[in-house]
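One file, coords02.txt, is given below (compact mmCIF, C-alpha atoms).
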```
# COMPACT_ATOMS: atom_id res chain seq x y z
CA MET A 1 -96.24 -70.95 -48.35
CA HIS A 2 -95.00 -70.22 -51.86
CA ASN A 3 -92.38 -72.03 -53.77
CA LYS A 4 -89.49 -69.57 -53.87
CA LEU A 5 -87.35 -71.45 -56.39
CA ALA A 6 -86.09 -69.02 -59.02
CA THR A 7 -87.96 -70.64 -61.89
CA ILE A 8 -88.04 -68.55 -65.04
CA THR A 9 -90.22 -69.64 -67.94
CA ASN A 10 -90.52 -67.41 -71.04
CA GLY A 11 -88.63 -64.79 -69.07
CA VAL A 12 -91.42 -64.70 -66.46
CA ASP A 13 -90.41 -65.21 -62.83
CA LEU A 14 -92.90 -67.86 -61.75
CA ALA A 15 -92.41 -67.30 -58.03
CA ARG A 16 -93.30 -63.62 -58.45
CA LEU A 17 -96.22 -64.50 -60.72
CA THR A 18 -97.54 -66.91 -58.06
CA ASP A 19 -97.05 -64.25 -55.39
CA THR A 20 -99.00 -61.74 -57.50
CA ILE A 21 -101.86 -64.18 -58.06
CA GLU A 22 -102.04 -65.06 -54.36
CA ALA A 23 -101.88 -61.41 -53.31
CA VAL A 24 -104.73 -60.38 -55.62
CA LYS A 25 -106.76 -63.44 -54.58
CA ALA A 26 -106.36 -62.47 -50.91
CA SER A 27 -106.91 -58.72 -51.45
CA PRO A 28 -108.91 -58.07 -54.63
CA GLU A 29 -108.35 -54.30 -54.31
CA LEU A 30 -104.66 -54.91 -55.20
CA GLY A 31 -105.84 -55.89 -58.67
CA ARG A 32 -107.43 -52.50 -59.38
CA PHE A 33 -105.26 -50.59 -61.85
CA GLN A 34 -105.57 -47.16 -63.43
CA PHE A 35 -103.31 -46.48 -66.39
CA ARG A 36 -102.84 -42.91 -67.59
CA ILE A 37 -101.38 -40.83 -70.38
CA GLN A 38 -101.29 -37.13 -71.26
CA ASN A 39 -101.42 -36.09 -74.90
CA ARG A 40 -100.50 -32.77 -76.47
CA TRP A 41 -101.21 -31.63 -80.00
CA ILE A 42 -98.15 -30.36 -81.90
CA ASP A 43 -99.45 -29.38 -85.36
CA CYS A 44 -101.61 -30.89 -88.09
CA GLY A 45 -101.61 -34.68 -87.56
CA GLU A 46 -98.73 -34.66 -85.09
CA ASN A 47 -99.17 -35.10 -81.34
CA ARG A 48 -97.37 -36.72 -78.43
CA SER A 49 -98.34 -38.68 -75.35
CA GLU A 50 -96.41 -38.84 -72.10
CA VAL A 51 -97.08 -41.99 -70.14
CA GLN A 52 -97.98 -41.10 -66.56
CA PRO A 53 -97.51 -43.01 -63.32
CA PHE A 54 -100.11 -45.76 -62.89
CA THR A 55 -102.03 -46.78 -59.81
CA ALA A 56 -102.31 -50.34 -58.54
CA GLY A 57 -104.27 -51.12 -55.39
CA GLY A 58 -104.36 -47.41 -54.55
CA LYS A 59 -100.55 -47.09 -54.73
CA VAL A 60 -98.87 -44.96 -57.38
CA PHE A 61 -96.06 -46.48 -59.47
CA LYS A 62 -93.71 -44.40 -61.60
CA HIS A 63 -92.16 -45.88 -64.69
CA ARG A 64 -88.38 -46.34 -64.58
CA THR A 65 -87.88 -43.75 -67.34
CA PRO A 66 -90.27 -41.34 -69.06
CA PHE A 67 -92.01 -42.74 -72.15
CA THR A 68 -93.01 -40.37 -74.94
CA LEU A 69 -95.20 -41.83 -77.67
CA LEU A 70 -95.40 -39.99 -80.99
CA ALA A 71 -98.17 -39.95 -83.54
CA ASP A 72 -98.35 -38.40 -86.97
CA GLU A 73 -100.06 -39.05 -90.29
CA PRO A 74 -98.31 -40.08 -93.50
CA GLU A 75 -98.04 -37.54 -96.31
CA SER A 76 -100.94 -39.08 -98.22
CA LEU A 77 -103.08 -38.27 -95.17
CA LEU A 78 -101.72 -34.70 -95.06
CA GLY A 79 -99.23 -35.22 -92.22
CA THR A 80 -95.45 -35.09 -92.00
CA ASP A 81 -94.95 -38.82 -91.29
CA ARG A 82 -92.84 -38.35 -88.14
CA GLY A 83 -94.43 -41.30 -86.36
CA ALA A 84 -96.87 -44.16 -86.73
CA ASN A 85 -100.46 -42.98 -87.03
CA PRO A 86 -103.17 -43.63 -84.43
CA VAL A 87 -104.68 -46.69 -86.13
CA GLU A 88 -101.20 -48.22 -86.49
CA HIS A 89 -100.66 -47.63 -82.76
CA LEU A 90 -103.92 -49.48 -82.13
CA LEU A 91 -102.54 -52.50 -84.00
CA HIS A 92 -99.35 -52.33 -81.91
CA ALA A 93 -101.37 -52.22 -78.68
CA LEU A 94 -103.24 -55.32 -79.83
CA ALA A 95 -100.18 -57.26 -81.01
CA SER A 96 -98.14 -56.50 -77.92
CA CYS A 97 -100.98 -57.41 -75.56
CA VAL A 98 -101.87 -60.70 -77.24
CA THR A 99 -98.18 -61.67 -77.26
CA THR A 100 -97.54 -60.77 -73.61
CA SER A 101 -100.78 -62.40 -72.45
CA MET A 102 -99.86 -65.61 -74.27
CA VAL A 103 -96.30 -65.64 -72.96
CA TYR A 104 -97.31 -64.99 -69.32
CA HIS A 105 -100.14 -67.51 -69.28
CA ALA A 106 -97.96 -70.07 -71.02
CA ALA A 107 -95.35 -69.55 -68.29
CA ALA A 108 -98.00 -70.09 -65.61
CA ARG A 109 -98.84 -73.43 -67.32
CA ASN A 110 -95.16 -74.32 -67.70
CA ILE A 111 -95.36 -74.16 -71.51
CA PRO A 112 -92.06 -72.81 -72.89
CA VAL A 113 -92.12 -70.79 -76.11
CA GLU A 114 -89.08 -69.98 -78.24
CA ARG A 115 -90.38 -67.50 -80.76
CA VAL A 116 -93.57 -65.51 -81.22
CA GLU A 117 -94.11 -63.28 -84.23
CA SER A 118 -97.30 -61.74 -85.48
CA THR A 119 -98.57 -59.80 -88.46
CA LEU A 120 -101.59 -57.57 -88.14
CA GLU A 121 -103.64 -55.95 -90.86
CA GLY A 122 -106.62 -53.68 -90.36
CA ASP A 123 -109.18 -52.52 -92.96
CA LEU A 124 -110.38 -48.96 -92.88
CA ASP A 125 -112.63 -47.15 -95.34
CA LEU A 126 -111.71 -43.45 -95.39
CA ARG A 127 -115.27 -42.57 -96.48
CA GLY A 128 -116.26 -43.18 -92.86
CA PHE A 129 -113.71 -40.74 -91.43
CA LEU A 130 -114.45 -38.15 -94.12
CA GLY A 131 -118.18 -38.34 -93.36
CA LEU A 132 -118.98 -39.19 -96.99
CA ALA A 133 -121.11 -42.24 -96.25
CA PRO A 134 -123.07 -42.45 -92.99
CA ASN A 135 -123.47 -46.23 -93.28
CA ILE A 136 -119.69 -46.80 -93.38
CA ARG A 137 -118.05 -46.90 -89.99
CA LYS A 138 -115.16 -44.61 -89.05
CA GLY A 139 -113.19 -47.34 -87.31
CA TYR A 140 -111.60 -50.56 -88.44
CA GLN A 141 -114.01 -52.84 -90.25
CA GLY A 142 -111.93 -55.85 -89.32
CA ILE A 143 -108.48 -56.82 -88.12
CA ARG A 144 -106.56 -59.95 -89.14
CA LEU A 145 -104.02 -61.21 -86.63
CA LYS A 146 -101.65 -63.94 -87.80
CA ILE A 147 -99.42 -65.46 -85.14
CA ARG A 148 -96.41 -67.66 -85.83
CA ILE A 149 -95.02 -69.63 -82.91
CA LYS A 150 -91.98 -71.78 -82.38
CA ALA A 151 -92.20 -74.04 -79.32
CA ASP A 152 -90.89 -77.48 -78.53
CA ILE A 153 -94.17 -78.79 -77.12
CA SER A 154 -96.83 -81.38 -77.91
CA ASP A 155 -99.70 -80.70 -80.32
CA GLU A 156 -102.03 -80.67 -77.32
CA GLU A 157 -99.96 -78.02 -75.55
CA PHE A 158 -99.77 -76.05 -78.80
CA GLN A 159 -103.57 -76.00 -79.06
CA GLU A 160 -103.77 -74.79 -75.46
CA LEU A 161 -101.06 -72.19 -76.11
CA ILE A 162 -102.76 -70.53 -79.10
CA SER A 163 -105.96 -69.94 -77.15
CA LEU A 164 -104.19 -68.04 -74.35
CA GLY A 165 -103.53 -64.72 -76.11
CA PRO A 166 -107.06 -64.02 -77.33
CA ASN A 167 -108.57 -65.49 -74.15
CA PHE A 168 -106.64 -63.36 -71.67
CA SER A 169 -105.44 -60.23 -73.47
CA PRO A 170 -106.92 -57.01 -72.05
CA VAL A 171 -106.50 -55.16 -75.37
CA TYR A 172 -108.02 -58.03 -77.38
CA ASP A 173 -111.02 -57.96 -75.04
CA SER A 174 -111.20 -54.15 -75.16
CA ILE A 175 -111.19 -54.03 -78.97
CA THR A 176 -113.43 -57.00 -79.69
CA ASN A 177 -116.04 -56.22 -77.04
CA GLY A 178 -115.71 -52.45 -76.82
CA VAL A 179 -115.11 -50.15 -73.87
CA PRO A 180 -117.31 -47.28 -72.66
CA ILE A 181 -115.44 -43.97 -72.98
CA SER A 182 -116.61 -40.92 -71.07
CA VAL A 183 -115.53 -37.63 -72.62
CA SER A 184 -115.38 -34.27 -70.91
CA THR A 185 -114.12 -31.03 -72.37
CA GLU A 186 -112.77 -27.90 -70.77
CA ARG A 187 -112.12 -24.61 -72.48
CA ILE A 188 -108.87 -22.94 -71.46
CA ALA A 189 -108.15 -19.25 -71.69
CA MET B 1 -112.25 -27.24 -110.23
CA HIS B 2 -110.73 -26.95 -106.77
CA ASN B 3 -109.62 -23.88 -104.98
CA LYS B 4 -105.83 -24.12 -105.06
CA LEU B 5 -105.10 -21.28 -102.63
CA ALA B 6 -102.52 -22.42 -100.08
CA THR B 7 -104.84 -22.16 -97.09
CA ILE B 8 -103.51 -23.83 -93.95
CA THR B 9 -105.77 -24.19 -90.90
CA ASN B 10 -104.53 -26.11 -87.86
CA GLY B 11 -101.56 -27.14 -89.97
CA VAL B 12 -103.88 -28.90 -92.43
CA ASP B 13 -103.55 -27.97 -96.10
CA LEU B 14 -107.19 -27.33 -97.01
CA ALA B 15 -106.64 -27.56 -100.77
CA ARG B 16 -105.15 -31.04 -100.36
CA LEU B 17 -107.92 -32.01 -97.95
CA THR B 18 -110.54 -30.90 -100.49
CA ASP B 19 -108.70 -32.81 -103.22
CA THR B 20 -108.68 -35.94 -101.04
CA ILE B 21 -112.40 -35.65 -100.32
CA GLU B 22 -113.25 -35.12 -104.00
CA ALA B 23 -111.00 -37.98 -105.10
CA VAL B 24 -112.57 -40.45 -102.65
CA LYS B 25 -116.07 -39.22 -103.56
CA ALA B 26 -115.36 -39.82 -107.26
CA SER B 27 -113.55 -43.15 -106.74
CA PRO B 28 -114.61 -44.81 -103.46
CA GLU B 29 -111.95 -47.52 -103.88
CA LEU B 30 -109.31 -44.83 -103.17
CA GLY B 31 -110.66 -44.69 -99.61
CA ARG B 32 -109.90 -48.33 -98.88
CA PHE B 33 -106.90 -48.55 -96.56
CA GLN B 34 -105.04 -51.46 -95.03
CA PHE B 35 -102.66 -50.64 -92.19
CA ARG B 36 -100.11 -53.23 -91.09
CA ILE B 37 -97.57 -53.99 -88.39
CA GLN B 38 -95.27 -56.90 -87.57
CA ASN B 39 -94.57 -57.73 -83.96
CA ARG B 40 -91.79 -59.85 -82.49
CA TRP B 41 -91.51 -61.13 -78.94
CA ILE B 42 -88.18 -60.32 -77.23
CA ASP B 43 -88.50 -61.82 -73.73
CA CYS B 44 -90.99 -61.82 -70.86
CA GLY B 45 -93.26 -58.77 -71.33
CA GLU B 46 -91.05 -57.12 -73.95
CA ASN B 47 -91.86 -57.10 -77.65
CA ARG B 48 -91.52 -54.78 -80.62
CA SER B 49 -93.60 -53.82 -83.63
CA GLU B 50 -92.30 -52.61 -86.96
CA VAL B 51 -94.82 -50.50 -88.82
CA GLN B 52 -95.19 -51.82 -92.37
CA PRO B 53 -96.11 -50.04 -95.62
CA PHE B 54 -99.84 -49.38 -95.85
CA THR B 55 -102.14 -49.74 -98.83
CA ALA B 56 -104.55 -47.06 -100.02
CA GLY B 57 -106.74 -47.64 -103.05
CA GLY B 58 -104.67 -50.69 -103.96
CA LYS B 59 -101.42 -48.70 -103.97
CA VAL B 60 -98.65 -49.38 -101.44
CA PHE B 61 -97.19 -46.46 -99.48
CA LYS B 62 -93.96 -46.71 -97.50
CA HIS B 63 -93.43 -44.54 -94.47
CA ARG B 64 -90.66 -41.96 -94.78
CA THR B 65 -88.58 -43.68 -92.09
CA PRO B 66 -88.98 -47.01 -90.25
CA PHE B 67 -91.06 -46.85 -87.07
CA THR B 68 -90.33 -49.32 -84.28
CA LEU B 69 -92.82 -49.38 -81.41
CA LEU B 70 -91.73 -50.93 -78.12
CA ALA B 71 -93.80 -52.56 -75.44
CA ASP B 72 -92.87 -53.88 -72.02
CA GLU B 73 -94.46 -54.30 -68.61
CA PRO B 74 -93.49 -52.39 -65.47
CA GLU B 75 -91.63 -54.23 -62.73
CA SER B 76 -94.78 -54.68 -60.65
CA LEU B 77 -96.18 -56.63 -63.61
CA LEU B 78 -92.98 -58.70 -63.84
CA GLY B 79 -91.43 -56.87 -66.79
CA THR B 80 -88.31 -54.74 -67.22
CA ASP B 81 -90.15 -51.44 -67.88
CA ARG B 82 -88.34 -50.63 -71.14
CA GLY B 83 -91.45 -49.20 -72.78
CA ALA B 84 -95.09 -48.36 -72.23
CA ASN B 85 -97.26 -51.41 -71.78
CA PRO B 86 -99.97 -52.55 -74.22
CA VAL B 87 -102.90 -50.94 -72.41
CA GLU B 88 -100.98 -47.64 -72.19
CA HIS B 89 -100.39 -47.86 -75.95
CA LEU B 90 -104.14 -48.31 -76.38
CA LEU B 91 -104.73 -45.02 -74.53
CA HIS B 92 -102.16 -43.32 -76.78
CA ALA B 93 -103.89 -44.66 -79.91
CA LEU B 94 -107.17 -43.24 -78.62
CA ALA B 95 -105.79 -39.84 -77.56
CA SER B 96 -103.86 -39.30 -80.77
CA CYS B 97 -106.80 -40.28 -82.96
CA VAL B 98 -109.39 -38.14 -81.19
CA THR B 99 -106.99 -35.16 -81.35
CA THR B 100 -106.12 -35.58 -85.03
CA SER B 101 -109.75 -36.20 -86.01
CA MET B 102 -110.82 -33.04 -84.18
CA VAL B 103 -108.04 -30.93 -85.67
CA TYR B 104 -108.64 -32.11 -89.27
CA HIS B 105 -112.42 -31.76 -89.11
CA ALA B 106 -112.10 -28.37 -87.46
CA ALA B 107 -109.82 -27.29 -90.32
CA ALA B 108 -112.41 -28.46 -92.86
CA ARG B 109 -114.99 -26.24 -91.07
CA ASN B 110 -112.53 -23.36 -90.84
CA ILE B 111 -112.39 -23.55 -87.03
CA PRO B 112 -108.88 -22.65 -85.83
CA VAL B 113 -107.56 -24.26 -82.64
CA GLU B 114 -104.53 -23.08 -80.69
CA ARG B 115 -103.99 -25.82 -78.15
CA VAL B 116 -105.35 -29.29 -77.55
CA GLU B 117 -104.32 -31.36 -74.56
CA SER B 118 -105.90 -34.46 -73.17
CA THR B 119 -105.62 -36.72 -70.16
CA LEU B 120 -106.74 -40.32 -70.36
CA GLU B 121 -107.31 -42.79 -67.57
CA GLY B 122 -108.41 -46.39 -67.95
CA ASP B 123 -109.63 -48.79 -65.27
CA LEU B 124 -108.50 -52.38 -65.33
CA ASP B 125 -109.10 -55.13 -62.79
CA LEU B 126 -106.18 -57.57 -62.87
CA ARG B 127 -108.46 -60.35 -61.61
CA GLY B 128 -109.80 -60.52 -65.17
CA PHE B 129 -106.38 -61.00 -66.76
CA LEU B 130 -105.31 -63.48 -64.08
CA GLY B 131 -108.44 -65.55 -64.65
CA LEU B 132 -109.42 -65.28 -60.98
CA ALA B 133 -112.97 -64.09 -61.56
CA PRO B 134 -114.83 -65.14 -64.71
CA ASN B 135 -117.38 -62.31 -64.32
CA ILE B 136 -114.66 -59.63 -64.40
CA ARG B 137 -113.58 -58.63 -67.86
CA LYS B 138 -109.94 -58.79 -68.98
CA GLY B 139 -110.08 -55.45 -70.78
CA TYR B 140 -110.65 -51.89 -69.68
CA GLN B 141 -113.84 -51.44 -67.72
CA GLY B 142 -114.01 -47.80 -68.70
CA ILE B 143 -111.86 -44.99 -70.06
CA ARG B 144 -112.11 -41.33 -69.09
CA LEU B 145 -110.94 -38.84 -71.70
CA LYS B 146 -110.59 -35.21 -70.60
CA ILE B 147 -109.83 -32.72 -73.34
CA ARG B 148 -108.67 -29.17 -72.78
CA ILE B 149 -108.87 -26.80 -75.73
CA LYS B 150 -107.72 -23.28 -76.40
CA ALA B 151 -109.38 -21.64 -79.38
CA ASP B 152 -110.42 -18.08 -80.19
CA ILE B 153 -113.90 -19.02 -81.41
CA SER B 154 -117.54 -18.48 -80.45
CA ASP B 155 -119.32 -20.70 -77.91
CA GLU B 156 -121.33 -22.14 -80.77
CA GLU B 157 -118.19 -23.09 -82.68
CA PHE B 158 -116.70 -24.51 -79.48
CA GLN B 159 -119.70 -26.79 -79.04
CA GLU B 160 -119.33 -27.95 -82.63
CA LEU B 161 -115.58 -28.43 -82.16
CA ILE B 162 -115.81 -30.72 -79.13
CA SER B 163 -118.15 -33.12 -80.92
CA LEU B 164 -115.74 -33.64 -83.83
CA GLY B 165 -113.15 -35.91 -82.17
CA PRO B 166 -115.52 -38.54 -80.78
CA ASN B 167 -117.76 -38.29 -83.86
CA PHE B 168 -115.07 -38.90 -86.47
CA SER B 169 -112.17 -40.68 -84.77
CA PRO B 170 -111.51 -44.19 -86.17
CA VAL B 171 -109.92 -45.37 -82.92
CA TYR B 172 -112.75 -43.93 -80.77
CA ASP B 173 -115.23 -45.79 -82.97
CA SER B 174 -113.11 -48.97 -82.91
CA ILE B 175 -112.84 -48.98 -79.11
CA THR B 176 -116.38 -47.92 -78.23
CA ASN B 177 -118.15 -50.14 -80.76
CA GLY B 178 -115.65 -52.99 -81.05
CA VAL B 179 -113.95 -54.53 -84.06
CA PRO B 180 -114.08 -58.16 -85.22
CA ILE B 181 -110.61 -59.72 -85.03
CA SER B 182 -109.83 -62.90 -86.94
CA VAL B 183 -106.95 -64.88 -85.48
CA SER B 184 -104.92 -67.53 -87.28
CA THR B 185 -101.92 -69.37 -85.92
CA GLU B 186 -99.07 -71.13 -87.65
CA ARG B 187 -96.50 -73.36 -86.04
CA ILE B 188 -92.94 -72.81 -87.24
CA ALA B 189 -90.19 -75.39 -87.12
```
Could you quickly redo this structure as structure tokens?
Amino acid sequence: MHNKLATITNGVDLARLTDTIEAVKASPELGRFQFRIQNRWIDCGENRSEVQPFTAGGKVFKHRTPFTLLADEPESLLGTDRGANPVEHLLHALASCVTTSMVYHAAARNIPVERVESTLEGDLDLRGFLGLAPNIRKGYQGIRLKIRIKADISDEEFQELISLGPNFSPVYDSITNGVPISVSTERIA
Amino acid sequence: MHNKLATITNGVDLARLTDTIEAVKASPELGRFQFRIQNRWIDCGENRSEVQPFTAGGKVFKHRTPFTLLADEPESLLGTDRGANPVEHLLHALASCVTTSMVYHAAARNIPVERVESTLEGDLDLRGFLGLAPNIRKGYQGIRLKIRIKADISDEEFQELISLGPNFSPVYDSITNGVPISVSTERIA
């Protein structure tokens, strides 16, 4: 039997969170998600993604409204600067995931937070992308994530709190440990 | 002396691309970029990033307009579904980067493309995020990237073309090989 009191911590409905945890514990297949997007090239450095319905436990879920995500390159990288560029989107994915993971897991531990802000900076050496130096990687060489938190909690709870984002964030795990990507290509007429 | 003919392939200004390559070759410090965002938690699974000016070769570049990137969780993940979620943003970062990297490098090789579309799907087991199974990772277990290309080129050029995205994309490299992330936390009053 679950506690059905409408307890909201950090905006998270704890009764629903408990229900989700219990449901996935009882039926692990409910925890299997597939997220999807479709991307289309516009011109030069500009392209757009449409977020697609996702699958959870074999069931398809549509988003409430369509989400279109833009990408472009700034003028110094030969684009028209109509949107954030791909490596800036990567930083957003990381920031948003660490924040949400911290906030949800804090709620589950009954740790209230008032404010969470973060600044992210990533180092990239263009010689990698341009193929000018084979020993220099194409991707980020390192990312610095600075989090500032306001919470009326003990020092002990604060120490617990700051570990939650990096420990549970799917994007943090994906970027620090890497993910295998399988690529297939089709030629269209 | 560079060829200053206004040659545009795939929307990419080849004279400017050549200038960029020559400039970074001559002064490697010009290739050093720092990209930055600031993120702020709103409530529950909702947060927003503001893309900040970036630095290239020690010089600060502002974007033409401000870019605000949203994130939220769908209702089945206890959010209000006001934006794509963090792991969907990660797929967008990957798709946009592979596409742009392919298009730019194809331009540099004088390979014209007409259409590039891609579909991405990532597998995630929520038991990792929920901390229910320590042997199941929090992040994506795998990502499938399907690219469809229309281009009036030889089979040989097509084979070259399809290698360019994965070979040169900074986000593809970041996600497949991983990036070290340093985290620091500050408590605000």
Contact residues around A:Leu161 with all atoms listed in the file at 8 Å, ignoring same-chain residues under 4 positions, as a PyMOL selection string: chain A and resi 102+106+111+157+165
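Residues in contact range of B:Thr65, defined as at most 12 Å between only C-alpha atoms, with sequence neighbours fewer than 5 positions away removed, read Pro74, Thr80, Asp81, Arg82, Gly83 and Ala84 of chain A; Glu50, Val51, Gln52 and Pro53 of chain B.
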For the selection you just gave me, I'd like the residues written to a file as an mmCIF file, keeping the file's coordinate frame, keeping C-alpha atoms.
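Output file selection_32.cif follows:
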```cif
data_model
loop_
_atom_site.group_PDB
_atom_site.id
_atom_site.type_symbol
_atom_site.label_atom_id
_atom_site.label_comp_id
_atom_site.auth_asym_id
_atom_site.auth_seq_id
_atom_site.Cartn_x
_atom_site.Cartn_y
_atom_site.Cartn_z
ATOM 1 C CA PRO A 74 -98.310 -40.080 -93.500
ATOM 2 C CA THR A 80 -95.450 -35.090 -92.000
ATOM 3 C CA ASP A 81 -94.950 -38.820 -91.290
ATOM 4 C CA ARG A 82 -92.840 -38.350 -88.140
ATOM 5 C CA GLY A 83 -94.430 -41.300 -86.360
ATOM 6 C CA ALA A 84 -96.870 -44.160 -86.730
ATOM 7 C CA GLU B 50 -92.300 -52.610 -86.960
ATOM 8 C CA VAL B 51 -94.820 -50.500 -88.820
ATOM 9 C CA GLN B 52 -95.190 -51.820 -92.370
ATOM 10 C CA PRO B 53 -96.110 -50.040 -95.620
#
```
Neighbour list for B:Arg187 as an MDAnalysis selection string, cut-off 9 Å, only C-alpha atoms, skip fewer than 5 positions in-chain: chainID A and resid 147:151 158
Which residue of A:Ile8, A:Pro112, A:Asp152, A:Pro86 approaches chain B most closely, using all atoms listed in the file: A:Pro86
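Nearest to chain A of all the residues B:Ile143, B:Lys59, B:Gln159, B:Val98 is B:Ile143, counting all atoms listed in the file.
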Length of the atom CA of B:Phe129 to atom CA of A:Gly31 vector [Å]: 9.6 Å
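You will find atom CA of B:Ile136 at 15.6 Å from atom CA of A:Thr176.
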Expected residue set, 12 Å radius at (-110.5, -32.4, -76.6), all atoms listed in the file, as a ChimeraX atom specification: /A:38-41,182-188 /B:94-103,106,113-120,144-151,158-167,169
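Proximity to chain A was assessed for B:Asn135, B:Thr55, B:Ser174, B:Thr20 counting only C-alpha atoms; the smallest distance is recorded for B:Ser174.
The smallest atom-to-atom distance between chain A and any of B:Glu29, B:Asp72, B:Asp19, B:Asp125, using all atoms listed in the file, is found for B:Asp125.
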For B:Ala107: contacts at 8 Å, only C-alpha atoms, fewer than 5 positions along chain excluded, given as a ChimeraX atom specification: /B:9-10,12,14,112
For chain A, the nearest of the candidates B:Asp155, B:Glu121, B:Leu77, B:His105, counting only C-alpha atoms: B:Glu121
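A straight line drawn from atom CA of B:Ala15 to atom CA of B:Asp173 is 26.9 Å long.
Nearest-residue note for B:Asp123: choosing from A:Pro170, A:Gly11, A:Pro28, A:Pro66, the minimum distance belongs to A:Pro170, counting only C-alpha atoms.
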Long-range neighbours of B:Ile175 as JSON, numbers by chain, 7 Å cut-off, all atoms listed in the file, 4 positions minimum in chain: {"A": [174, 175, 178, 179], "B": [171]}
Would you list the residues near (-86.4, -51.0, -85.5) (no more than 9 Å away, in the coordinates of the file, using all atoms listed in the file) as a PDB file with C-alpha atoms, in the frame of the given file?
```pdb
ATOM      1  CA  ARG B  48     -91.520 -54.780 -80.620  1.00  0.00           C
ATOM      2  CA  SER B  49     -93.600 -53.820 -83.630  1.00  0.00           C
ATOM      3  CA  GLU B  50     -92.300 -52.610 -86.960  1.00  0.00           C
ATOM      4  CA  PRO B  66     -88.980 -47.010 -90.250  1.00  0.00           C
ATOM      5  CA  PHE B  67     -91.060 -46.850 -87.070  1.00  0.00           C
ATOM      6  CA  THR B  68     -90.330 -49.320 -84.280  1.00  0.00           C
ATOM      7  CA  LEU B  69     -92.820 -49.380 -81.410  1.00  0.00           C
TER       8      LEU B  69
END
```
Hey, could you pull the box centre and edge lengths for stretch 62-66 of chain A, axis-aligned, 3 Å padding per side, all listed atoms, to one decimal in Å, as lines of an AutoDock Vina configuration file?
```
center_x = -90.8
center_y = -43.8
center_z = -65.3
size_x = 11.8
size_y = 11.0
size_z = 13.5
```
Since the input lacks some atoms of stretch 159-163 of chain B, please model all heavy atoms and print them as a compact mmCIF listing (two decimals), in the frame of the given file.
```txt
# COMPACT_ATOMS: atom_id res chain seq x y z
N GLN B 159 -118.83 -25.62 -79.20
CA GLN B 159 -119.70 -26.79 -79.04
C GLN B 159 -119.59 -27.72 -80.24
O GLN B 159 -119.60 -28.95 -80.11
CB GLN B 159 -121.17 -26.36 -78.83
CG GLN B 159 -121.45 -25.75 -77.46
CD GLN B 159 -120.93 -26.60 -76.30
OE1 GLN B 159 -121.13 -27.82 -76.26
NE2 GLN B 159 -120.21 -25.98 -75.35
N GLU B 160 -119.48 -27.13 -81.42
CA GLU B 160 -119.33 -27.95 -82.63
C GLU B 160 -117.98 -28.68 -82.57
O GLU B 160 -117.89 -29.88 -82.83
CB GLU B 160 -119.40 -27.05 -83.87
CG GLU B 160 -119.46 -27.84 -85.17
CD GLU B 160 -119.49 -26.95 -86.42
OE1 GLU B 160 -119.59 -25.70 -86.29
OE2 GLU B 160 -119.39 -27.52 -87.53
N LEU B 161 -116.95 -27.90 -82.21
CA LEU B 161 -115.58 -28.43 -82.16
C LEU B 161 -115.46 -29.68 -81.28
O LEU B 161 -114.87 -30.69 -81.68
CB LEU B 161 -114.65 -27.33 -81.65
CG LEU B 161 -113.17 -27.68 -81.46
CD1 LEU B 161 -112.53 -28.02 -82.80
CD2 LEU B 161 -112.42 -26.50 -80.81
N ILE B 162 -116.03 -29.61 -80.08
CA ILE B 162 -115.81 -30.72 -79.13
C ILE B 162 -116.52 -32.00 -79.54
O ILE B 162 -116.18 -33.08 -79.07
CB ILE B 162 -116.21 -30.34 -77.67
CG1 ILE B 162 -117.70 -30.05 -77.57
CG2 ILE B 162 -115.38 -29.17 -77.18
CD1 ILE B 162 -118.16 -29.77 -76.13
N SER B 163 -117.47 -31.90 -80.45
CA SER B 163 -118.15 -33.12 -80.92
C SER B 163 -117.34 -33.83 -82.00
O SER B 163 -117.55 -35.02 -82.28
CB SER B 163 -119.53 -32.78 -81.48
OG SER B 163 -119.39 -32.08 -82.72
```
